[in-house]
Every structure is written in C-alpha cells, then in structure tokens.
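Content type PDB, C-alpha atoms and all ligand atoms, from the file final_30.pdb:
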ATOM      1  CA  MET A 292       0.000   0.000   0.000
ATOM      2  CA  ASN A 293       2.868   2.330   0.890
ATOM      3  CA  ASN A 294       4.287   1.831  -2.572
ATOM      4  CA  LEU A 295       0.987   2.852  -4.091
ATOM      5  CA  TYR A 296       0.914   6.169  -2.180
ATOM      6  CA  LYS A 297       4.547   6.916  -3.001
ATOM      7  CA  ASP A 298       4.101   5.930  -6.621
ATOM      8  CA  ILE A 299       1.094   8.187  -7.053
ATOM      9  CA  GLU A 300       2.744  11.080  -5.209
ATOM     10  CA  ASN A 301       5.825  10.831  -7.412
ATOM     11  CA  GLN A 302       3.953  10.517 -10.654
ATOM     12  CA  ILE A 303       1.510  13.383 -10.256
ATOM     13  CA  VAL A 304       4.081  16.143  -9.735
ATOM     14  CA  ASN A 305       3.903  17.225 -13.358
ATOM     15  CA  ILE A 306       0.130  17.557 -13.471
ATOM     16  CA  PRO A 307      -0.810  21.255 -13.699
ATOM     17  CA  ASP A 308      -2.334  22.990 -10.661
ATOM     18  CA  LYS A 309      -5.409  23.893 -12.611
ATOM     19  CA  ILE A 310      -7.369  21.696 -14.994
ATOM     20  CA  GLU A 311     -10.533  22.992 -16.648
ATOM     21  CA  SER A 312     -11.950  19.836 -18.150
ATOM     22  CA  ILE A 313     -11.437  16.149 -17.873
ATOM     23  CA  GLY A 314     -12.240  13.023 -19.865
ATOM     24  CA  ILE A 315     -12.445   9.389 -18.813
ATOM     25  CA  ILE A 316     -12.359   6.164 -20.810
ATOM     26  CA  THR A 317     -13.277   2.988 -18.973
ATOM     27  CA  GLY A 318     -13.098  -0.657 -20.008
ATOM     28  CA  ALA A 319     -14.108  -3.982 -18.517
ATOM     29  CA  GLY A 320     -11.271  -3.765 -15.943
ATOM     30  CA  ILE A 321     -13.085  -1.129 -13.874
ATOM     31  CA  SER A 322     -15.916  -3.596 -13.246
ATOM     32  CA  GLN A 323     -13.614  -6.562 -12.530
ATOM     33  CA  GLU A 324     -13.627  -5.793  -8.807
ATOM     34  CA  SER A 325     -17.423  -5.730  -8.905
ATOM     35  CA  GLY A 326     -17.262  -9.390  -9.925
ATOM     36  CA  ILE A 327     -17.875  -8.971 -13.668
ATOM     37  CA  PRO A 328     -15.364 -10.939 -15.753
ATOM     38  CA  THR A 329     -13.404  -9.164 -18.488
ATOM     39  CA  PHE A 330     -13.307 -10.731 -21.952
ATOM     40  CA  ARG A 331      -9.598 -11.358 -22.128
ATOM     41  CA  GLY A 332      -8.402 -14.175 -19.893
ATOM     42  CA  LYS A 333      -9.776 -17.578 -18.978
ATOM     43  CA  ASP A 334     -12.762 -16.103 -17.115
ATOM     44  CA  GLY A 335     -14.107 -14.866 -20.423
ATOM     45  CA  LEU A 336     -14.719 -18.364 -21.734
ATOM     46  CA  TRP A 337     -18.209 -19.880 -21.667
ATOM     47  CA  LYS A 338     -18.888 -23.448 -22.792
ATOM     48  CA  ASN A 339     -15.573 -23.293 -24.664
ATOM     49  CA  TYR A 340     -16.677 -20.320 -26.772
ATOM     50  CA  LYS A 341     -14.642 -17.133 -26.870
ATOM     51  CA  PRO A 342     -16.488 -13.776 -26.676
ATOM     52  CA  GLU A 343     -15.144 -12.989 -30.152
ATOM     53  CA  GLU A 344     -17.110 -15.997 -31.420
ATOM     54  CA  LEU A 345     -20.384 -14.961 -29.778
ATOM     55  CA  ALA A 346     -20.489 -11.164 -29.885
ATOM     56  CA  THR A 347     -20.772 -10.981 -33.673
ATOM     57  CA  PRO A 348     -23.571 -10.457 -36.209
ATOM     58  CA  TYR A 349     -22.539 -13.747 -37.819
ATOM     59  CA  ALA A 350     -22.965 -15.755 -34.583
ATOM     60  CA  PHE A 351     -26.401 -14.191 -34.043
ATOM     61  CA  GLU A 352     -27.515 -14.985 -37.571
ATOM     62  CA  LYS A 353     -26.347 -18.567 -37.175
ATOM     63  CA  ASN A 354     -27.676 -19.225 -33.693
ATOM     64  CA  PRO A 355     -29.605 -16.410 -31.955
ATOM     65  CA  LYS A 356     -30.604 -18.719 -29.090
ATOM     66  CA  LEU A 357     -26.974 -19.520 -28.250
ATOM     67  CA  VAL A 358     -25.991 -15.846 -28.350
ATOM     68  CA  TRP A 359     -28.916 -14.833 -26.116
ATOM     69  CA  GLU A 360     -28.091 -17.657 -23.666
ATOM     70  CA  TRP A 361     -24.591 -16.252 -23.326
ATOM     71  CA  TYR A 362     -25.995 -12.762 -22.787
ATOM     72  CA  GLU A 363     -28.435 -14.128 -20.189
ATOM     73  CA  MET A 364     -25.513 -15.706 -18.326
ATOM     74  CA  ARG A 365     -23.726 -12.335 -18.338
ATOM     75  CA  ARG A 366     -26.899 -10.430 -17.442
ATOM     76  CA  GLN A 367     -27.383 -12.659 -14.382
ATOM     77  CA  ILE A 368     -23.842 -11.898 -13.180
ATOM     78  CA  ILE A 369     -24.262  -8.172 -13.837
ATOM     79  CA  LYS A 370     -27.642  -8.050 -12.090
ATOM     80  CA  LYS A 371     -25.997  -9.093  -8.828
ATOM     81  CA  ALA A 372     -23.029  -6.729  -9.241
ATOM     82  CA  GLU A 373     -22.682  -3.440  -7.376
ATOM     83  CA  PRO A 374     -20.476  -0.493  -8.335
ATOM     84  CA  ASN A 375     -17.081  -0.466  -6.588
ATOM     85  CA  PRO A 376     -14.971   2.413  -5.167
ATOM     86  CA  ALA A 377     -13.583   3.195  -8.653
ATOM     87  CA  HIS A 378     -17.089   3.800 -10.059
ATOM     88  CA  TYR A 379     -17.985   5.964  -7.030
ATOM     89  CA  THR A 380     -14.771   7.984  -7.329
ATOM     90  CA  LEU A 381     -15.754   8.931 -10.875
ATOM     91  CA  VAL A 382     -19.049  10.260  -9.498
ATOM     92  CA  LYS A 383     -17.112  12.502  -7.093
ATOM     93  CA  MET A 384     -14.855  13.676  -9.914
ATOM     94  CA  GLU A 385     -17.876  14.616 -11.986
ATOM     95  CA  GLU A 386     -19.203  16.722  -9.093
ATOM     96  CA  PHE A 387     -15.868  18.554  -8.914
ATOM     97  CA  PHE A 388     -15.564  19.469 -12.602
ATOM     98  CA  GLU A 389     -17.914  21.567 -14.651
ATOM     99  CA  ASN A 390     -16.648  19.915 -17.840
ATOM    100  CA  PHE A 391     -16.571  16.169 -17.461
ATOM    101  CA  LEU A 392     -17.263  13.338 -19.872
ATOM    102  CA  LEU A 393     -17.181   9.639 -19.072
ATOM    103  CA  VAL A 394     -16.837   7.409 -22.124
ATOM    104  CA  THR A 395     -17.327   3.765 -21.293
ATOM    105  CA  GLN A 396     -16.836   0.629 -23.358
ATOM    106  CA  ASN A 397     -18.758  -1.265 -20.708
ATOM    107  CA  VAL A 398     -22.289  -2.429 -21.272
ATOM    108  CA  ASP A 399     -23.015  -3.259 -17.618
ATOM    109  CA  GLY A 400     -24.688   0.027 -16.592
ATOM    110  CA  LEU A 401     -22.617   0.234 -13.374
ATOM    111  CA  HIS A 402     -21.533   3.850 -13.954
ATOM    112  CA  GLU A 403     -25.145   4.936 -14.076
ATOM    113  CA  LYS A 404     -25.993   2.787 -11.061
ATOM    114  CA  ALA A 405     -23.156   4.489  -9.135
ATOM    115  CA  GLY A 406     -24.585   7.929  -9.996
ATOM    116  CA  SER A 407     -22.466   9.173 -12.918
ATOM    117  CA  LYS A 408     -24.472  11.484 -15.188
ATOM    118  CA  ASN A 409     -22.533  12.583 -18.244
ATOM    119  CA  ILE A 410     -21.871   9.126 -19.702
ATOM    120  CA  ILE A 411     -21.432   7.922 -23.247
ATOM    121  CA  GLU A 412     -21.935   4.186 -23.599
ATOM    122  CA  LEU A 413     -19.893   3.619 -26.752
ATOM    123  CA  HIS A 414     -20.729  -0.078 -26.945
ATOM    124  CA  GLY A 415     -24.364   0.083 -25.876
ATOM    125  CA  ASN A 416     -26.124  -1.386 -22.858
ATOM    126  CA  ILE A 417     -26.681  -5.034 -22.037
ATOM    127  CA  TRP A 418     -30.114  -4.335 -20.500
ATOM    128  CA  ARG A 419     -31.474  -2.905 -23.741
ATOM    129  CA  ALA A 420     -32.671  -5.017 -26.687
ATOM    130  CA  ARG A 421     -33.293  -3.828 -30.229
ATOM    131  CA  CYS A 422     -35.480  -5.245 -33.003
ATOM    132  CA  ILE A 423     -33.383  -6.333 -35.973
ATOM    133  CA  LEU A 424     -36.129  -5.211 -38.381
ATOM    134  CA  CYS A 425     -37.945  -2.119 -37.082
ATOM    135  CA  ASN A 426     -35.270  -0.909 -34.626
ATOM    136  CA  TYR A 427     -37.725  -0.785 -31.714
ATOM    137  CA  LYS A 428     -35.796  -0.705 -28.425
ATOM    138  CA  GLU A 429     -36.736  -1.725 -24.916
ATOM    139  CA  PHE A 430     -35.108  -2.609 -21.620
ATOM    140  CA  LEU A 431     -35.519  -6.290 -20.808
ATOM    141  CA  GLU A 432     -35.165  -7.849 -17.351
ATOM    142  CA  THR A 433     -33.435 -11.139 -16.698
ATOM    143  CA  PRO A 434     -34.490 -13.969 -16.810
ATOM    144  CA  LEU A 435     -36.166 -13.493 -20.162
ATOM    145  CA  PRO A 436     -39.573 -15.146 -20.540
ATOM    146  CA  GLU A 437     -38.588 -16.239 -24.043
ATOM    147  CA  ILE A 438     -35.154 -16.921 -25.642
ATOM    148  CA  PRO A 439     -34.616 -15.406 -28.152
ATOM    149  CA  PRO A 440     -37.042 -12.539 -27.437
ATOM    150  CA  HIS A 441     -39.327 -11.190 -30.177
ATOM    151  CA  CYS A 442     -40.325  -7.637 -30.999
ATOM    152  CA  PRO A 443     -43.693  -6.579 -29.523
ATOM    153  CA  LYS A 444     -44.276  -4.332 -32.572
ATOM    154  CA  CYS A 445     -43.397  -6.550 -35.550
ATOM    155  CA  ASN A 446     -42.574  -9.963 -34.070
ATOM    156  CA  SER A 447     -39.057 -10.082 -35.578
ATOM    157  CA  LEU A 448     -36.071 -11.142 -33.496
ATOM    158  CA  MET A 449     -34.702  -8.780 -30.882
ATOM    159  CA  ARG A 450     -30.938  -8.592 -30.356
ATOM    160  CA  PRO A 451     -28.903  -7.127 -27.499
ATOM    161  CA  ASP A 452     -28.454  -3.382 -28.161
ATOM    162  CA  VAL A 453     -24.680  -3.575 -27.955
ATOM    163  CA  LEU A 454     -21.918  -3.065 -30.475
ATOM    164  CA  TRP A 455     -20.571  -6.371 -31.722
ATOM    165  CA  PHE A 456     -17.150  -7.194 -33.145
ATOM    166  CA  GLY A 457     -17.049  -6.028 -36.757
ATOM    167  CA  GLU A 458     -19.868  -3.469 -36.385
ATOM    168  CA  THR A 459     -19.498   0.250 -36.945
ATOM    169  CA  TYR A 460     -19.769   2.920 -34.296
ATOM    170  CA  ASP A 461     -22.520   5.488 -34.035
ATOM    171  CA  THR A 462     -20.812   8.490 -35.668
ATOM    172  CA  ASN A 463     -22.877  10.981 -33.630
ATOM    173  CA  LEU A 464     -21.451   9.550 -30.442
ATOM    174  CA  LEU A 465     -17.934   9.575 -31.827
ATOM    175  CA  ASN A 466     -18.300  13.221 -32.867
ATOM    176  CA  ILE A 467     -19.448  14.225 -29.387
ATOM    177  CA  VAL A 468     -16.472  12.457 -27.817
ATOM    178  CA  GLN A 469     -13.981  13.876 -30.315
ATOM    179  CA  ASP A 470     -15.256  17.419 -29.831
ATOM    180  CA  PHE A 471     -15.076  17.121 -26.079
ATOM    181  CA  PHE A 472     -11.695  15.401 -26.029
ATOM    182  CA  GLN A 473     -10.136  18.225 -28.052
ATOM    183  CA  LYS A 474     -10.465  20.516 -25.057
ATOM    184  CA  ILE A 475      -9.535  18.318 -22.123
ATOM    185  CA  GLY A 476      -6.435  18.823 -20.002
ATOM    186  CA  LEU A 477      -6.454  15.338 -18.555
ATOM    187  CA  LEU A 478      -7.652  11.940 -19.722
ATOM    188  CA  PHE A 479      -7.964   8.915 -17.458
ATOM    189  CA  VAL A 480      -7.942   5.500 -19.128
ATOM    190  CA  ILE A 481      -9.077   2.874 -16.654
ATOM    191  CA  GLY A 482      -9.127  -0.902 -17.144
ATOM    192  CA  SER A 483      -9.020  -1.180 -20.906
ATOM    193  CA  SER A 484      -6.748  -3.481 -22.899
ATOM    194  CA  GLY A 485      -7.020  -1.447 -26.074
ATOM    195  CA  GLN A 486      -7.740  -4.501 -28.192
ATOM    196  CA  VAL A 487     -10.709  -2.557 -29.490
ATOM    197  CA  SER A 488      -9.031   0.153 -31.542
ATOM    198  CA  VAL A 489     -11.524   3.047 -31.765
ATOM    199  CA  PRO A 490     -11.294   4.061 -28.083
ATOM    200  CA  VAL A 491      -7.479   3.910 -28.367
ATOM    201  CA  TYR A 492      -7.694   6.220 -31.359
ATOM    202  CA  LEU A 493      -9.898   8.653 -29.380
ATOM    203  CA  ALA A 494      -7.384   8.674 -26.525
ATOM    204  CA  LYS A 495      -4.444   9.135 -28.828
ATOM    205  CA  GLU A 496      -6.125  12.053 -30.528
ATOM    206  CA  ALA A 497      -6.771  13.690 -27.145
ATOM    207  CA  HIS A 498      -3.128  13.148 -26.281
ATOM    208  CA  LEU A 499      -1.981  14.784 -29.523
ATOM    209  CA  ASN A 500      -4.268  17.710 -28.695
ATOM    210  CA  GLY A 501      -2.423  18.217 -25.428
ATOM    211  CA  ALA A 502      -4.218  16.094 -22.833
ATOM    212  CA  ILE A 503      -2.117  14.381 -20.193
ATOM    213  CA  VAL A 504      -3.055  10.698 -20.255
ATOM    214  CA  ILE A 505      -3.162   8.712 -17.008
ATOM    215  CA  GLU A 506      -3.576   4.970 -17.287
ATOM    216  CA  ILE A 507      -4.745   2.714 -14.453
ATOM    217  CA  ASN A 508      -4.351  -0.964 -15.314
ATOM    218  CA  PRO A 509      -2.394  -3.783 -13.646
ATOM    219  CA  ASP A 510      -1.184  -4.869 -17.087
ATOM    220  CA  PHE A 511       0.305  -3.384 -20.220
ATOM    221  CA  SER A 512      -2.242  -2.130 -22.759
ATOM    222  CA  MET A 513      -2.284  -0.408 -26.131
ATOM    223  CA  TYR A 514      -2.721   2.881 -24.224
ATOM    224  CA  SER A 515       0.571   2.290 -22.397
ATOM    225  CA  HIS A 516       2.430   3.235 -25.590
ATOM    226  CA  PHE A 517       1.528   6.898 -25.176
ATOM    227  CA  ALA A 518       0.263   7.339 -21.588
ATOM    228  CA  ASP A 519       2.153  10.009 -19.627
ATOM    229  CA  ILE A 520       1.430   8.493 -16.230
ATOM    230  CA  ILE A 521       1.008   4.755 -15.710
ATOM    231  CA  LEU A 522      -0.327   3.256 -12.500
ATOM    232  CA  ARG A 523      -0.024  -0.530 -12.540
ATOM    233  CA  TYR A 524      -2.728  -1.164  -9.953
ATOM    234  CA  LYS A 525      -6.324  -2.286  -9.746
ATOM    235  CA  ALA A 526      -8.791   0.519 -10.356
ATOM    236  CA  ALA A 527     -10.720   0.230  -7.087
ATOM    237  CA  GLU A 528      -7.540   0.460  -5.029
ATOM    238  CA  ALA A 529      -5.699   3.164  -6.988
ATOM    239  CA  LEU A 530      -8.370   5.576  -8.231
ATOM    240  CA  PRO A 531      -9.764   6.670  -4.813
ATOM    241  CA  ILE A 532      -6.225   7.414  -3.569
ATOM    242  CA  LEU A 533      -5.205   9.166  -6.769
ATOM    243  CA  TRP A 534      -8.313  11.318  -6.449
ATOM    244  CA  GLN A 535      -7.434  12.268  -2.847
ATOM    245  CA  PHE A 536      -4.076  13.556  -4.031
ATOM    246  CA  LEU A 537      -5.456  15.402  -7.052
ATOM    247  CA  LYS A 538      -8.322  17.008  -5.157
ATOM    248  CA  GLU A 539      -5.880  18.330  -2.593
ATOM    249  CA  LYS A 540      -3.657  19.683  -5.347
ATOM    250  CA  TRP A 541      -6.536  21.403  -7.160
ATOM    251  CA  GLN A 542      -8.414  22.708  -4.133
ATOM    252  CA  ASN A 543      -5.460  24.778  -2.992
TER     253      ASN A 543
HETATM  254  P1  LIG B   1     -10.871  -4.616 -22.173
HETATM  255  O1  LIG B   1     -10.383  -4.737 -23.542
HETATM  256  O2  LIG B   1     -11.278  -3.298 -21.688
HETATM  257  O3  LIG B   1      -9.742  -5.378 -21.160
HETATM  258  C1  LIG B   1      -9.816  -5.452 -19.762
HETATM  259  C2  LIG B   1      -8.603  -4.718 -19.183
HETATM  260  O4  LIG B   1      -8.808  -4.492 -17.807
HETATM  261  C3  LIG B   1      -7.274  -5.495 -19.323
HETATM  262  O5  LIG B   1      -6.302  -4.642 -19.877
HETATM  263  C4  LIG B   1      -6.910  -5.845 -17.864
HETATM  264  O6  LIG B   1      -5.520  -5.802 -17.633
HETATM  265  C5  LIG B   1      -7.600  -4.726 -17.110
HETATM  266  N1  LIG B   1      -7.975  -5.042 -15.734
HETATM  267  C6  LIG B   1      -8.330  -6.241 -15.205
HETATM  268  N2  LIG B   1      -8.659  -6.094 -13.923
HETATM  269  C7  LIG B   1      -8.531  -4.768 -13.622
HETATM  270  C8  LIG B   1      -8.744  -4.003 -12.448
HETATM  271  N3  LIG B   1      -9.167  -4.552 -11.319
HETATM  272  N4  LIG B   1      -8.519  -2.664 -12.508
HETATM  273  C9  LIG B   1      -8.083  -2.087 -13.652
HETATM  274  N5  LIG B   1      -7.870  -2.777 -14.794
HETATM  275  C10 LIG B   1      -8.087  -4.101 -14.772
HETATM  276  O7  LIG B   1     -12.084  -5.363 -21.945
HETATM  277  P2  LIG B   1     -12.384  -6.788 -22.475
HETATM  278  O8  LIG B   1     -12.726  -7.556 -21.292
HETATM  279  O9  LIG B   1     -11.224  -7.249 -23.284
HETATM  280  O10 LIG B   1     -13.670  -6.505 -23.397
HETATM  281  C11 LIG B   1     -13.726  -5.827 -24.622
HETATM  282  C12 LIG B   1     -15.149  -5.287 -24.824
HETATM  283  O11 LIG B   1     -16.121  -6.207 -24.321
HETATM  284  C13 LIG B   1     -15.401  -4.045 -24.047
HETATM  285  O12 LIG B   1     -15.031  -2.959 -24.787
HETATM  286  C14 LIG B   1     -16.892  -4.148 -23.678
HETATM  287  O13 LIG B   1     -17.691  -3.637 -24.704
HETATM  288  C15 LIG B   1     -17.144  -5.606 -23.575
HETATM  289  N6  LIG B   1     -17.177  -6.065 -22.165
HETATM  290  C16 LIG B   1     -17.871  -5.356 -21.237
HETATM  291  C17 LIG B   1     -17.911  -5.785 -19.919
HETATM  292  C18 LIG B   1     -18.685  -4.957 -18.914
HETATM  293  O14 LIG B   1     -19.594  -4.232 -19.314
HETATM  294  N7  LIG B   1     -18.327  -5.012 -17.629
HETATM  295  C19 LIG B   1     -17.253  -6.944 -19.535
HETATM  296  C20 LIG B   1     -16.543  -7.661 -20.518
HETATM  297  C21 LIG B   1     -16.526  -7.199 -21.814
HETATM  298 ZN    ZN B   2     -39.788  -4.820 -34.624
END

Could you write out this file's structure as structure tokens?
Ligand code: NAD
Ligand code: ZN
Amino acid sequence: MNNLYKDIENQIVNIPDKIESIGIITGAGISQESGIPTFRGKDGLWKNYKPEELATPYAFEKNPKLVWEWYEMRRQIIKKAEPNPAHYTLVKMEEFFENFLLVTQNVDGLHEKAGSKNIIELHGNIWRARCILCNYKEFLETPLPEIPPHCPKCNSLMRPDVLWFGETYDTNLLNIVQDFFQKIGLLFVIGSSGQVSVPVYLAKEAHLNGAIVIEINPDFSMYSHFADIILRYKAAEALPILWQFLKEKWQN
C-alpha cells in the first residue's frame, strides 16, 4: 500500500495545478472488482466459446438462441453486481468538474448505477434489446420469458443493443467524444486493454491535442504506448487514492 501512495505522489508532480476539463475512458477492468469478468483471460470463456465468437452479427444470424443464452448468463452476473470504489470515485470527480465526460466501453450500466451522469456508452447497454427489423428498443429484465425474445411491434427477433465485433460505431457519439476530447487537459484511461481500436484512437487524438493521459491498469495495454502516467494497480484500489491527491492539489 505504501508503494501505491509513493508511486502516485511521485507521478503526479507534473500535473498542472489547474485543470478545466477532464475526460475518462473505462473498459471492462473497472468492473472486474465488482465481480464482472473481463473478456480477455480464462474467465471470459463460456462453454468453450470465446467472446469474439459470440459477440458478432454472424454468430447471431447462425444461432440467436446460443448468443442470447450467453448474454443471459452475463446479465445474471451483472444483475448481482454493485459499483465499486472506482465507479464511485468517478461520481465525485464529476461533481468537482464543470466539464466532465465519461466514455465507457462497458455495457453493464454500473456507472449509471453508481450515480455518474454525463456518460457515453460507446458499446451500448446489455439491459437494452433492439429489433433487428424495425429498430424498436426496450429494456428487458433477466431472466427473459422467451429466448430469443421477439419484438412486440413486428414480431421479428430482438438482439442485445450492444456493439458487436465487426460493427461500426454510431458516428454521432464519436463526434461528441472527439469534440469534447479536443479541449480536455487530462484523460484517465481505466481498465481497458485497447484490443478494441476506436477508443485507443480517441485517446491518442486527445493526447496529440495536449491532454495528459493517465492509465490505471495492472497490465500493459495499447494505451501504455503513449500514456504520460502509468499506474499498474487495480482501479478500485488506486483511483480513490489518486483522487485524494489530485483534489488536494486542485483545491489549494
Ligand atoms: P478490455 O479490452 O477493456 O480489457 C480489460 C482490461 O482491464 C485489461 O487490460 C486488464 O488488464 C484490465 N484489468 C483487469 N482487472 C482490472 C482491475 N481490477 N482494474 C483495472 N484494470 C483491470 O475489456 P475486455 O474484457 O477485453 O472486453 C472488450 C469489450 O467487451 C469491451 O469494450 C466491452 O464492450 C465488452 N465487455 C464489457 C464488460 C462490462 O460491461 N463489464 C465486460 C466484458 C466485456
Ligand atoms: Zn420490430
């Protein structure tokens, strides 16, 4: 623990005494300590399938029941999960800054549950389903009465309203993030491997526009290539302490 305090204290010396606006990118790692498995690693496997084999339009076309069963398994885990100190620290940070944007790759809804307000869910939300024909959307509880679920408007199949591997991003969302990230002084990247390239691109662009990038992740990631400050710790242990230090620095 001592190392963590010292490490943070040493690394934050070059952060300016005043920061006007701040951006955050989170990945599955921030929810790991809430008991939600990340995709990469053995915990991600289910019945010998890899997430990359299930979270695709092709898998859904081939076997919608199988894909929904996997989502139901994940929805059951997420239903029981509570936000952890890292999620709650982001809520406090949002209260401190007038200009704050939280961009999450997570679909678990834990940022909202913790109380964060200005959130962009880049990859959708696991509680929402969308009709593949008429685009009707609704929030569905778990367990589902019927797998796969059907659209109440047109009776076509409903799919999880999340972004699958190989699908394109909502350009409106990307534009909002890019505009905001042009102006930020600091960007936190928490618990993301960077295997999904668009969020890495967004972070890199912010960095080129002058933002100081702070990474919190126990392991190396694609963000580590350009991060200015790297904290190799778990999010729920490091972020609350980092915030204590920064708040003190900025309040004075
Ligand atoms: P990811 O690519 O964001 O990788 C997880 C990262 O978290 C790894 O780099 C790992 O080192 C790090 N990590 C693990 N434990 C951590 C901790 N306690 N604190 C900080 N960092 C920690 O995520 P993924 O699992 O490879 O998934 C890719 C995509 O799948 C995501 O973009 C998301 O859309 C989806 N996904 C979402 C959830 C969720 O909503 N909770 C869970 C799994 C996957
Ligand atoms: Zn429909």

Kindly resolve the PyMOL selection byres (((chain A and resi 390) around 9) and not hetatm) on the present coordinates and return the residues as a PDB file with C-alpha atoms, keeping the file's coordinate frame.
ATOM      1  CA  GLU A 311     -10.533  22.992 -16.648  1.00  0.00           C
ATOM      2  CA  SER A 312     -11.950  19.836 -18.150  1.00  0.00           C
ATOM      3  CA  ILE A 313     -11.437  16.149 -17.873  1.00  0.00           C
ATOM      4  CA  GLY A 314     -12.240  13.023 -19.865  1.00  0.00           C
ATOM      5  CA  GLU A 385     -17.876  14.616 -11.986  1.00  0.00           C
ATOM      6  CA  PHE A 388     -15.564  19.469 -12.602  1.00  0.00           C
ATOM      7  CA  GLU A 389     -17.914  21.567 -14.651  1.00  0.00           C
ATOM      8  CA  PHE A 391     -16.571  16.169 -17.461  1.00  0.00           C
ATOM      9  CA  LEU A 392     -17.263  13.338 -19.872  1.00  0.00           C
ATOM     10  CA  PHE A 471     -15.076  17.121 -26.079  1.00  0.00           C
ATOM     11  CA  ILE A 475      -9.535  18.318 -22.123  1.00  0.00           C
TER      12      ILE A 475
END

| said: ligand ZN 2 (chain B): which residues are within 10 Å, counting only C-alpha atoms and all ligand atoms? Reply as a list in words. | reply: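 With only C-alpha atoms and all ligand atoms and a cut-off of 10 Å, ligand ZN 2 (chain B) is contacted by Arg421, Cys422, Ile423, Leu424, Cys425, Asn426, Tyr427, Lys428, His441, Cys442, Pro443, Lys444, Cys445, Asn446, Ser447, Leu448 and Met449 of chain A.
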
| message | I'd like the residues picked by the PyMOL selection byres (((not hetatm)) within 7 of (chain B and resi 1)) written out as a VMD selection string, using the chain letters and numbers from the file. | response | chain A and resid 318 to 324 327 to 331 396 to 399 414 481 to 487 507 to 512 524 to 527

Taking the file above as input, evaluate the PyMOL selection byres (((chain A and resi 395) around 7) and not hetatm) and report the hits as a PDB file with C-alpha atoms, in the coordinates of the input.
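Output file part-v6.pdb follows:
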ATOM      1  CA  ILE A 316     -12.359   6.164 -20.810  1.00  0.00           C
ATOM      2  CA  THR A 317     -13.277   2.988 -18.973  1.00  0.00           C
ATOM      3  CA  GLY A 318     -13.098  -0.657 -20.008  1.00  0.00           C
ATOM      4  CA  LEU A 393     -17.181   9.639 -19.072  1.00  0.00           C
ATOM      5  CA  VAL A 394     -16.837   7.409 -22.124  1.00  0.00           C
ATOM      6  CA  GLN A 396     -16.836   0.629 -23.358  1.00  0.00           C
ATOM      7  CA  ASN A 397     -18.758  -1.265 -20.708  1.00  0.00           C
ATOM      8  CA  ILE A 411     -21.432   7.922 -23.247  1.00  0.00           C
ATOM      9  CA  GLU A 412     -21.935   4.186 -23.599  1.00  0.00           C
ATOM     10  CA  LEU A 413     -19.893   3.619 -26.752  1.00  0.00           C
TER      11      LEU A 413
END

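Counting all atoms listed in the file and comparing A:Lys341, A:Arg523, A:Lys309, A:Lys383, the residue that lies closest to Leu477 in chain A is A:Lys309.
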
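Nearest to Asn500 in chain A of all the residues A:Thr433, A:Asn543, A:Ser515, A:Gln473 is A:Gln473, based on only C-alpha atoms.
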
| query | Can you tell me, as a list of chain:residue names, which residues sit within 10 Å of (-32.7, -15.8, -21.6) in the file's frame, using all atoms listed in the file? | reply | A:Lys356, A:Leu357, A:Val358, A:Trp359, A:Glu360, A:Trp361, A:Tyr362, A:Glu363, A:Met364, A:Arg366, A:Gln367, A:Leu431, A:Glu432, A:Thr433, A:Pro434, A:Leu435, A:Pro436, A:Glu437, A:Ile438, A:Pro439, A:Pro440

| message | Which residues are close to Asn294 in chain A, i.e. within 12 Å by only C-alpha atoms, leaving aside same-chain residues fewer than 2 positions away? Reply as a list of chain:residue names. | response |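 Surrounding residues, per the criterion: A:Met292, A:Tyr296, A:Lys297, A:Asp298, A:Ile299, A:Glu300, A:Asn301, A:Gln302, A:Leu522, A:Arg523, A:Tyr524, A:Ala529, A:Ile532.
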
| Which of these residues is nearest to Glu352 in chain A, using only C-alpha atoms: A:Asn305, A:Ile410, A:His516, A:Arg450? | A:Arg450

| remark: Residue with the minimum atom-to-atom distance to Glu403 in chain A, picked from A:Phe387, A:His378, A:Gly457, A:Trp337 with only C-alpha atoms counted, is A:His378

| said: Using all atoms listed in the file, can you tell me which of A:Val489, A:Leu345, A:Leu537, A:Ile503 comes closest to Asp519 in chain A? | reply: A:Ile503

Return the padded bounding box of range 501-515 of chain A as lines of an AutoDock Vina configuration file: axis-aligned, built from all atoms listed in the file, 3 Å added on each side, with centre and edge lengths in Å to one decimal.
center_x = -2.1
center_y = 6.7
center_z = -19.9
size_x = 11.3
size_y = 29.1
size_z = 18.5

| query | Nearest to Asn416 in chain A among A:Ala372, A:Met384, A:Arg365, A:Val453, with distances taken over only C-alpha atoms: which residue is it? | reply | A:Val453

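Taking CA of Asn354 in chain A and CA of Gly335 in chain A as the two end points, the separation is 19.5 Å.
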
| task | Report the distance between CA of Ile467 in chain A and CA of Ser407 in chain A in Å, rounded to one decimal place. | result |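 According to the coordinates, CA of Ile467 in chain A and CA of Ser407 in chain A are separated by 17.5 Å.
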